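What follows is the content of final.txt (compact mmCIF, C-alpha atoms).
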# COMPACT_ATOMS: atom_id res chain seq x y z
CA MET A 843 0.00 0.00 0.00
CA SER A 844 1.36 3.45 -0.91
CA ASN A 845 1.78 6.27 1.61
CA VAL A 846 -1.09 8.13 -0.02
CA GLU A 847 -3.37 5.11 0.42
CA VAL A 848 -2.34 4.67 4.07
CA LEU A 849 -2.97 8.35 4.82
CA ALA A 850 -6.28 8.34 2.96
CA ASN A 851 -7.45 5.29 4.89
CA ALA A 852 -6.52 7.04 8.13
CA GLY A 853 -8.45 10.16 7.14
CA VAL A 854 -5.34 12.37 6.98
CA ILE A 855 -5.89 12.89 3.24
CA LYS A 856 -9.54 13.70 2.62
CA ASP A 857 -9.68 13.52 -1.17
CA VAL A 858 -7.00 11.64 -3.02
CA LYS A 859 -8.40 12.81 -6.37
CA GLN A 860 -7.51 16.41 -5.50
CA LEU A 861 -3.83 15.59 -5.02
CA SER A 862 -1.59 16.78 -7.83
CA PRO A 863 0.83 14.22 -9.30
CA GLU A 864 3.70 16.23 -7.81
CA MET A 865 2.11 16.18 -4.35
CA THR A 866 1.43 12.44 -4.63
CA LYS A 867 5.09 11.89 -5.48
CA LYS A 868 6.23 13.93 -2.46
CA ILE A 869 3.94 12.08 -0.06
CA ASN A 870 4.94 8.69 -1.39
CA ALA A 871 8.60 9.61 -0.79
CA LEU A 872 8.03 10.04 2.98
CA SER A 873 9.50 7.42 5.30
CA PRO A 874 7.32 4.80 7.06
CA GLU A 875 8.17 6.43 10.42
CA GLU A 876 6.87 9.78 9.23
CA VAL A 877 3.69 8.25 7.84
CA THR A 878 3.07 6.43 11.13
CA HIS A 879 3.45 9.70 13.04
CA LEU A 880 1.25 11.59 10.58
CA VAL A 881 -1.48 9.01 11.16
CA SER A 882 -1.13 9.28 14.94
CA VAL A 883 -1.21 13.10 15.10
CA LYS A 884 -3.64 13.50 12.17
CA SER A 885 -1.55 16.33 10.73
CA LYS A 886 -2.96 18.16 7.76
CA LEU A 887 -0.71 18.10 4.74
CA GLY A 888 -0.28 21.30 2.77
CA GLU A 889 -0.12 22.29 -0.83
CA ASP A 890 2.26 25.10 -1.68
CA ASP A 891 -0.34 27.85 -1.42
CA LEU A 892 1.27 29.80 1.39
CA LYS A 893 4.48 31.08 -0.09
CA SER A 894 3.51 34.60 0.86
CA HIS A 895 3.30 33.82 4.57
CA ALA A 896 5.83 35.52 6.81
CA LYS A 897 7.19 33.65 9.75
CA VAL A 898 6.41 34.79 13.25
CA MET A 899 9.39 33.10 14.82
CA ILE A 900 12.86 33.02 13.35
CA MET A 901 15.99 31.38 14.66
CA MET B 1349 16.39 13.38 -5.30
CA LEU B 1350 18.74 15.78 -3.56
CA ALA B 1351 18.55 15.76 0.24
CA SER B 1352 17.87 19.52 0.21
CA GLN B 1353 14.82 18.86 -1.97
CA GLU B 1354 13.65 16.26 0.54
CA VAL B 1355 13.89 18.90 3.27
CA GLU B 1356 12.05 21.52 1.21
CA ASN B 1357 9.31 19.03 0.31
CA ARG B 1358 8.73 18.31 3.99
CA LEU B 1359 8.58 21.99 4.89
CA LEU B 1360 5.86 22.31 2.28
CA LEU B 1361 3.94 19.21 3.38
CA TYR B 1362 4.17 19.72 7.14
CA GLY B 1363 4.20 23.51 7.43
CA ALA B 1364 0.69 24.30 6.21
CA GLY B 1365 -0.93 24.47 9.64
CA TRP B 1366 1.46 26.86 11.30
CA LYS B 1367 1.86 28.97 8.17
CA ARG B 1368 -1.91 29.54 8.04
CA LEU B 1369 -1.90 30.61 11.69
CA SER B 1370 1.12 32.79 11.01
CA CYS B 1371 -0.84 34.59 8.29
CA ALA B 1372 -3.81 34.91 10.66
CA LEU B 1373 -1.61 36.57 13.25
CA TRP B 1374 -0.07 39.10 10.87
CA GLU B 1375 -3.48 39.96 9.38
CA SER B 1376 -5.25 40.21 12.75
CA PRO B 1377 -6.81 43.52 13.83
CA ASP B 1378 -5.42 42.66 17.28
CA LEU B 1379 -1.84 42.69 16.06
CA SER B 1380 -0.71 45.27 18.62
CA PHE B 1381 -1.78 42.80 21.33
CA LEU B 1382 -0.73 39.61 19.56
CA TYR B 1383 2.76 40.63 18.46
CA PRO B 1384 4.12 41.18 22.01
CA GLU B 1385 2.53 37.89 23.08
CA MET B 1386 4.12 36.08 20.14
CA LEU B 1387 7.47 37.71 20.82
CA LYS B 1388 7.37 36.51 24.44
CA VAL B 1389 6.88 32.93 23.25
CA SER B 1390 9.61 33.41 20.65
CA TYR B 1391 11.92 34.44 23.45
CA GLN B 1392 11.10 31.25 25.36
CA VAL B 1393 12.04 29.19 22.31
CA ILE B 1394 15.03 31.18 21.08
CA ARG B 1395 16.70 31.40 24.50
CA ALA B 1396 17.13 27.62 24.22
CA SER B 1397 18.84 27.83 20.81
CA THR B 1398 22.45 28.23 21.90
CA THR B 1399 22.23 25.41 24.44
CA LEU B 1400 20.52 23.19 21.90
CA LEU B 1401 23.02 23.88 19.15
CA GLU B 1402 25.93 23.37 21.54
CA LEU B 1403 24.49 20.03 22.59
CA ALA B 1404 24.13 18.96 18.94
CA ARG B 1405 27.64 20.21 18.15
CA ASP B 1406 29.19 18.37 21.10
CA GLN B 1407 27.34 15.14 20.32
CA ALA B 1408 28.35 15.41 16.65
CA LEU B 1409 31.99 15.98 17.65
CA HIS B 1410 31.77 12.95 19.95
CA LEU B 1411 30.46 10.71 17.15
CA ALA B 1412 32.59 12.25 14.38
CA PRO B 1413 35.57 9.83 14.45
CA LEU B 1414 33.33 6.91 13.42
CA ASP B 1415 30.44 8.74 11.72
CA SER B 1416 30.93 10.84 8.59
CA VAL B 1417 27.47 12.46 8.84
CA ALA B 1418 28.26 13.58 12.38
CA ALA B 1419 31.67 14.86 11.24
CA GLY B 1420 30.15 17.05 8.51
CA LEU B 1421 27.42 18.22 10.86
CA ALA B 1422 29.94 19.17 13.55
CA THR B 1423 31.84 21.41 11.14
CA TYR B 1424 28.61 23.24 10.28
CA LEU B 1425 27.44 23.53 13.90
CA VAL B 1426 30.75 24.87 15.21
CA GLN B 1427 30.13 27.94 13.05
CA HIS B 1428 26.37 28.08 13.37
CA VAL B 1429 26.37 28.13 17.18
CA GLU B 1430 28.31 31.39 17.06
CA GLU B 1431 25.91 32.86 14.48
CA GLU B 1432 22.96 32.25 16.82
CA ARG B 1433 24.61 33.24 20.09
CA GLY B 1434 23.06 36.17 21.98
CA HIS B 1435 19.87 36.46 19.94
CA ASP B 1436 17.79 35.93 23.09
CA GLU B 1437 19.26 39.18 24.43
CA TRP B 1438 18.18 40.95 21.24
CA LEU B 1439 14.63 39.68 21.77
CA ARG B 1440 14.68 40.99 25.35
CA LYS B 1441 15.54 44.43 23.97
CA ASP B 1442 12.75 44.24 21.38
CA LEU B 1443 10.33 43.24 24.13
CA ALA B 1444 11.55 46.09 26.35
CA CYS B 1445 10.46 48.47 23.56
CA LEU B 1446 6.98 47.00 23.99
CA GLY B 1447 6.97 47.52 27.74
CA VAL B 1448 7.70 43.91 28.68
CA SER B 1449 10.09 43.83 31.61
CA ALA B 1450 12.94 41.42 32.18
CA ARG B 1451 11.15 40.27 35.32
CA ASP B 1452 7.99 39.46 33.34
CA LEU B 1453 10.06 37.34 30.97
CA ASP B 1454 12.01 35.56 33.68
CA GLU B 1455 8.93 34.74 35.75
CA ALA B 1456 6.71 33.57 32.89
CA LEU B 1457 6.06 29.83 32.81
CA PRO B 1458 6.71 28.40 29.34
CA SER B 1459 3.95 26.20 27.95
CA PRO B 1460 4.31 22.44 27.48
CA TYR B 1461 4.19 23.14 23.72
CA VAL B 1462 7.44 25.11 23.92
CA ALA B 1463 9.03 22.51 26.19
CA GLY B 1464 7.89 19.70 23.90
CA MET B 1465 9.17 21.35 20.75
CA VAL B 1466 12.62 22.08 22.16
CA GLY B 1467 12.80 19.06 24.46
CA ALA B 1468 12.27 16.56 21.64
CA GLN B 1469 15.46 17.84 20.03
CA HIS B 1470 17.44 17.15 23.20
CA TYR B 1471 16.14 13.57 23.19
CA TRP B 1472 16.89 12.92 19.52
CA ILE B 1473 20.34 14.54 19.72
CA LEU B 1474 21.39 12.49 22.72
CA HIS B 1475 19.65 9.20 22.01
CA THR B 1476 19.27 8.92 18.23
CA HIS B 1477 21.49 11.20 16.13
CA PRO B 1478 22.36 14.92 16.26
CA VAL B 1479 21.36 15.29 12.59
CA ALA B 1480 17.80 15.72 13.97
CA ILE B 1481 18.68 19.33 14.76
CA LEU B 1482 18.73 20.12 11.03
CA GLY B 1483 14.96 19.58 10.87
CA TYR B 1484 14.44 22.05 13.71
CA ILE B 1485 16.77 24.60 12.15
CA ALA B 1486 15.08 24.19 8.76
CA VAL B 1487 11.67 25.09 10.20
CA LEU B 1488 12.89 28.06 12.22
CA GLU B 1489 15.46 29.38 9.78
CA GLY B 1490 14.08 28.31 6.40
CA GLU B 1491 11.92 30.36 4.06
CA PRO B 1492 12.96 33.73 5.53
CA PRO B 1493 10.61 36.64 4.79
CA GLU B 1494 11.61 40.01 3.32
CA GLU B 1495 12.59 42.80 5.72
CA ALA B 1496 10.06 45.14 4.10
CA PHE B 1497 7.27 42.92 5.42
CA PHE B 1498 8.19 43.66 9.04
CA LEU B 1499 8.48 47.39 8.38
CA ASP B 1500 4.97 47.27 6.95
CA VAL B 1501 3.72 45.37 10.00
CA ALA B 1502 5.27 47.96 12.31
CA ARG B 1503 3.49 50.72 10.39
CA ARG B 1504 0.13 48.90 10.36
CA SER B 1505 0.24 47.96 14.03
CA GLY B 1506 1.50 51.27 15.35
CA LEU B 1507 4.16 49.41 17.30
CA PRO B 1508 7.73 50.81 17.36
CA GLU B 1509 10.03 49.66 14.55
CA ALA B 1510 12.66 48.86 17.18
CA ALA B 1511 10.41 46.07 18.44
CA PHE B 1512 11.02 44.27 15.12
CA ASN B 1513 14.81 44.53 15.10
CA THR B 1514 15.49 40.83 15.68
CA LEU B 1515 13.04 39.67 13.01
CA ARG B 1516 14.37 42.27 10.57
CA TYR B 1517 17.97 41.19 11.19
CA HIS B 1518 17.07 37.57 10.51
CA SER B 1519 15.21 38.44 7.33
CA ARG B 1520 18.50 39.93 6.08
CA VAL B 1521 20.92 37.16 7.11
CA ASP B 1522 18.79 34.03 6.96
CA GLN B 1523 18.72 33.97 3.16
CA GLU B 1524 22.43 33.16 3.31
CA HIS B 1525 22.05 30.85 6.33
CA TRP B 1526 19.33 28.98 4.44
CA ARG B 1527 21.55 28.47 1.38
CA ASP B 1528 24.38 27.32 3.68
CA LEU B 1529 22.08 24.81 5.36
CA LEU B 1530 20.76 23.33 2.10
CA GLY B 1531 24.26 23.12 0.64
CA MET B 1532 25.54 21.37 3.74
CA VAL B 1533 22.61 18.91 3.73
CA ASP B 1534 23.45 17.97 0.14
CA ALA B 1535 27.11 17.48 1.05
CA LEU B 1536 26.41 15.06 3.92
CA PRO B 1537 26.45 11.31 3.15
CA LEU B 1538 22.91 10.92 4.49
CA GLU B 1539 21.24 7.53 4.65
CA PRO B 1540 17.45 7.00 4.60
CA ARG B 1541 17.38 6.76 8.42
CA HIS B 1542 18.98 10.22 8.72
CA LEU B 1543 16.44 11.73 6.32
CA SER B 1544 13.62 10.02 8.17
CA LEU B 1545 14.81 11.46 11.48
CA MET B 1546 15.11 14.92 9.95
CA GLY B 1547 11.59 14.47 8.56
CA LEU B 1548 10.22 13.58 11.99
CA SER B 1549 12.04 16.57 13.43
CA ILE B 1550 10.49 18.90 10.82
CA LEU B 1551 7.04 17.42 11.42
CA HIS B 1552 7.29 17.69 15.20
CA THR B 1553 8.62 21.25 15.05
CA CYS B 1554 5.87 22.33 12.63
CA ASN B 1555 3.24 20.78 14.92
CA GLY B 1556 4.84 22.54 17.90
CA MET B 1557 4.78 25.87 16.11
CA GLU B 1558 1.13 25.33 15.23
CA ALA B 1559 0.24 24.61 18.86
CA VAL B 1560 2.21 27.62 20.10
CA LEU B 1561 0.55 29.94 17.58
CA GLN B 1562 -2.90 28.57 18.30
CA LYS B 1563 -2.39 29.34 21.98
CA VAL B 1564 -1.27 32.90 21.26
CA LEU B 1565 -4.21 33.53 18.92
CA SER B 1566 -6.65 32.10 21.47
CA GLN B 1567 -5.34 34.60 24.03
CA ALA B 1568 -6.55 37.40 21.75
CA GLU B 1569 -9.98 35.80 21.48
CA ALA B 1570 -10.12 35.45 25.27
CA SER B 1571 -9.14 39.09 25.76
CA VAL B 1572 -12.14 40.39 23.73
CA PRO B 1573 -14.82 41.62 26.19
CA ALA B 1574 -18.10 39.67 25.98

Please re-express this file's structure in structure tokens.
Amino acid sequence: MSNVEVLANAGVIKDVKQLSPEMTKKINALSPEEVTHLVSVKSKLGEDDLKSHAKVMIM
Amino acid sequence: MLASQEVENRLLLYGAGWKRLSCALWESPDLSFLYPEMLKVSYQVIRASTTLLELARDQALHLAPLDSVAAGLATYLVQHVEEERGHDEWLRKDLACLGVSARDLDEALPSPYVAGMVGAQHYWILHTHPVAILGYIAVLEGEPPEEAFFLDVARRSGLPEAAFNTLRYHSRVDQEHWRDLLGMVDALPLEPRHLSLMGLSILHTCNGMEAVLQKVLSQAEASVPA
């Protein structure tokens, strides 16, 4: 099972059809440990629509 | 795929939550209240930076004779620790411009979110591999904004420009720091387990930032009279 399928089954990805091919490739490149943690914390995954954000905390 | 691309992909995938909240903070009509609150939390995180980087550097130096990733990391961290040293004092000065006293800062109790975000790095550095710190640095130092943005925020909020000095400094130097970090990541002989650890570190730090920001934003909601 691919990472995308695992995350979709866990409800982390709501609509697999809306994922771009590029996004699908990036998610499927994540490690099993990361996918396991994503499932446990139910993190939302982002598209690159926030390039204009400015950070509030900088090291 | 280059390791630097792996890092940038994860910043994109994992950073959506805290970036949205970051936008909400900067666009808030309560910015004059929220910015000092955010800066106080930033101080709680950033004051741990030098200690954290020194720990990672020392652990990398310890492992270096038998570990080429640790050896390359140590070379980078020896320099980077000095670049980050003293920035907590700068934040104290920025906060003083906003009327926040040293006593207020010293007596404030940091949230479990701050402790969890920073504390996880201590664990990974000591008990897994110091390369974890690169995920933390990537979140806090990557994707630096333009200085003009902070000048605009100062104007919009009515807060003194001097209260943005630390953020403005970083917006100038972090472009170079970011390039240095990505170049160094590509030069390290990383194995999948190193990249996975860095990925977990990025994910955990992004989640920590989201929790920290959510708490700050909820303070503004709580401060609105019913």

**Prompt:** What is the atom CA of B:Gln1407 to atom CA of B:Gln1469 distance in Å?
**Reply:** 12.2 Å

**Request:** Skip B:Pro1384 itself and residues of its chain fewer than 4 positions away, then list as an NGL selection string all residues within 8 Å of it, counting only C-alpha atoms.
**Result:** :B and (1380 or 1388 or 1443 or 1446)

**Prompt:** What residues in chain B have any atom no more than 6 Å from chain A when counting only C-alpha atoms, and can you write them as an MDAnalysis selection string?
**Reply:** chainID B and resid 1361:1362 1364 1371 1390 1488:1489 1493 1544 1548

**Request:** Using all atoms listed in the file, give me every residue within 12 Å of (10.9, 45.4, 7.0) in file coordinates, as a PyMOL selection string.
**Result:** (chain A and resi 896) or (chain B and resi 1492-1504+1509-1520)

**Request:** Enter the distance from atom CA of B:Arg1405 to atom CA of B:Met1349, in Å, rounded to one decimal.
**Result:** 26.9 Å

**Prompt:** How far is it from atom CA of B:Gly1483 to atom CA of B:Gly1365, in Å with one decimal?
**Reply:** 16.7 Å

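Residues in contact range of A:Val846, defined as at most 8 Å between all atoms listed in the file, with sequence neighbours fewer than 6 positions away removed, read Ile855, Val858, Thr866, Ile869 and Asn870 of chain A.
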
**Request:** Write out as a list in words the residues lying within 10 Å of B:His1470, counting all atoms listed in the file and excluding same-chain residues fewer than 3 positions away.
**Result:** Thr1399, Leu1400, Leu1401, Leu1403, Ala1404, Gly1464, Met1465, Val1466, Gly1467, Ile1473, Leu1474, His1475, Thr1476, Pro1478, Ala1480 and Ile1481 of chain B

As lines of an AutoDock Vina configuration file, what would the box around stretch 1450-1460 of chain B look like: edges along x, y and z, 3 Å added on every side, centre and edge lengths in Å to one decimal?
center_x = 8.4
center_y = 31.9
center_z = 31.6
size_x = 15.0
size_y = 25.0
size_z = 14.3

**Message:** Please list as a list in words every residue within 10 Å of A:Ala852, counting all atoms listed in the file and excluding residues in the same chain fewer than 3 positions away.
**Reply:** Val846, Glu847, Val848, Leu849, Ile855, Lys856, Leu880, Val881, Ser882 and Lys884 of chain A

**Near-B:Leu1373 list (12 Å; only C-alpha atoms; drop same-chain fewer than 2 positions) as a PyMOL selection string** = (chain A and resi 895-899) or (chain B and resi 1366-1371+1375-1387+1501+1505+1558+1560-1569)

Mind completing stretch 855-887 of chain A with N, CA and C atoms? Output as a compact mmCIF listing (two decimals), in the frame of the given file, please?
# COMPACT_ATOMS: atom_id res chain seq x y z
N ILE A 855 -5.61 12.31 4.56
CA ILE A 855 -5.89 12.89 3.24
C ILE A 855 -7.38 12.69 2.97
N LYS A 856 -8.09 13.78 2.77
CA LYS A 856 -9.54 13.70 2.62
C LYS A 856 -9.96 13.26 1.22
N ASP A 857 -9.27 13.81 0.21
CA ASP A 857 -9.68 13.52 -1.17
C ASP A 857 -8.45 13.27 -2.03
N VAL A 858 -8.19 12.02 -2.24
CA VAL A 858 -7.00 11.64 -3.02
C VAL A 858 -7.05 12.20 -4.43
N LYS A 859 -8.26 12.33 -4.99
CA LYS A 859 -8.40 12.81 -6.37
C LYS A 859 -7.92 14.25 -6.52
N GLN A 860 -7.93 15.00 -5.41
CA GLN A 860 -7.51 16.41 -5.50
C GLN A 860 -5.99 16.58 -5.41
N LEU A 861 -5.29 15.50 -5.11
CA LEU A 861 -3.83 15.59 -5.02
C LEU A 861 -3.22 15.72 -6.41
N SER A 862 -2.30 16.66 -6.55
CA SER A 862 -1.59 16.78 -7.83
C SER A 862 -0.59 15.62 -7.93
N PRO A 863 -0.17 15.29 -9.15
CA PRO A 863 0.83 14.22 -9.30
C PRO A 863 2.12 14.54 -8.54
N GLU A 864 2.48 15.81 -8.52
CA GLU A 864 3.70 16.23 -7.81
C GLU A 864 3.56 15.99 -6.30
N MET A 865 2.39 16.35 -5.79
CA MET A 865 2.11 16.18 -4.35
C MET A 865 2.09 14.67 -4.00
N THR A 866 1.49 13.89 -4.85
CA THR A 866 1.43 12.44 -4.63
C THR A 866 2.85 11.87 -4.56
N LYS A 867 3.70 12.36 -5.45
CA LYS A 867 5.09 11.89 -5.48
C LYS A 867 5.81 12.26 -4.17
N LYS A 868 5.58 13.49 -3.70
CA LYS A 868 6.23 13.93 -2.46
C LYS A 868 5.76 13.11 -1.26
N ILE A 869 4.47 12.85 -1.20
CA ILE A 869 3.94 12.08 -0.06
C ILE A 869 4.44 10.64 -0.10
N ASN A 870 4.48 10.08 -1.28
CA ASN A 870 4.94 8.69 -1.39
C ASN A 870 6.43 8.54 -1.12
N ALA A 871 7.16 9.66 -1.10
CA ALA A 871 8.60 9.61 -0.79
C ALA A 871 8.87 9.70 0.72
N LEU A 872 7.83 9.95 1.52
CA LEU A 872 8.03 10.04 2.98
C LEU A 872 8.39 8.67 3.55
N SER A 873 9.09 8.68 4.68
CA SER A 873 9.50 7.42 5.30
C SER A 873 8.33 6.78 6.05
N PRO A 874 8.38 5.46 6.28
CA PRO A 874 7.32 4.80 7.06
C PRO A 874 7.15 5.41 8.45
N GLU A 875 8.26 5.84 9.07
CA GLU A 875 8.17 6.43 10.42
C GLU A 875 7.38 7.75 10.39
N GLU A 876 7.60 8.52 9.35
CA GLU A 876 6.87 9.78 9.23
C GLU A 876 5.38 9.52 8.99
N VAL A 877 5.09 8.56 8.13
CA VAL A 877 3.69 8.25 7.84
C VAL A 877 2.98 7.76 9.11
N THR A 878 3.65 6.92 9.87
CA THR A 878 3.07 6.43 11.13
C THR A 878 2.75 7.60 12.06
N HIS A 879 3.69 8.56 12.14
CA HIS A 879 3.45 9.70 13.04
C HIS A 879 2.34 10.61 12.49
N LEU A 880 2.32 10.78 11.18
CA LEU A 880 1.25 11.59 10.58
C LEU A 880 -0.12 10.99 10.90
N VAL A 881 -0.21 9.68 10.85
CA VAL A 881 -1.48 9.01 11.16
C VAL A 881 -1.83 9.23 12.63
N SER A 882 -0.83 9.16 13.51
CA SER A 882 -1.13 9.28 14.94
C SER A 882 -1.50 10.70 15.34
N VAL A 883 -0.90 11.71 14.70
CA VAL A 883 -1.21 13.10 15.10
C VAL A 883 -2.26 13.73 14.19
N LYS A 884 -2.63 13.00 13.12
CA LYS A 884 -3.64 13.50 12.17
C LYS A 884 -3.27 14.87 11.62
N SER A 885 -2.00 15.05 11.30
CA SER A 885 -1.55 16.33 10.73
C SER A 885 -2.16 16.56 9.37
N LYS A 886 -2.51 17.82 9.12
CA LYS A 886 -2.96 18.16 7.76
C LYS A 886 -1.73 18.37 6.89
N LEU A 887 -1.81 17.89 5.67
CA LEU A 887 -0.71 18.10 4.74
C LEU A 887 -1.04 19.28 3.83
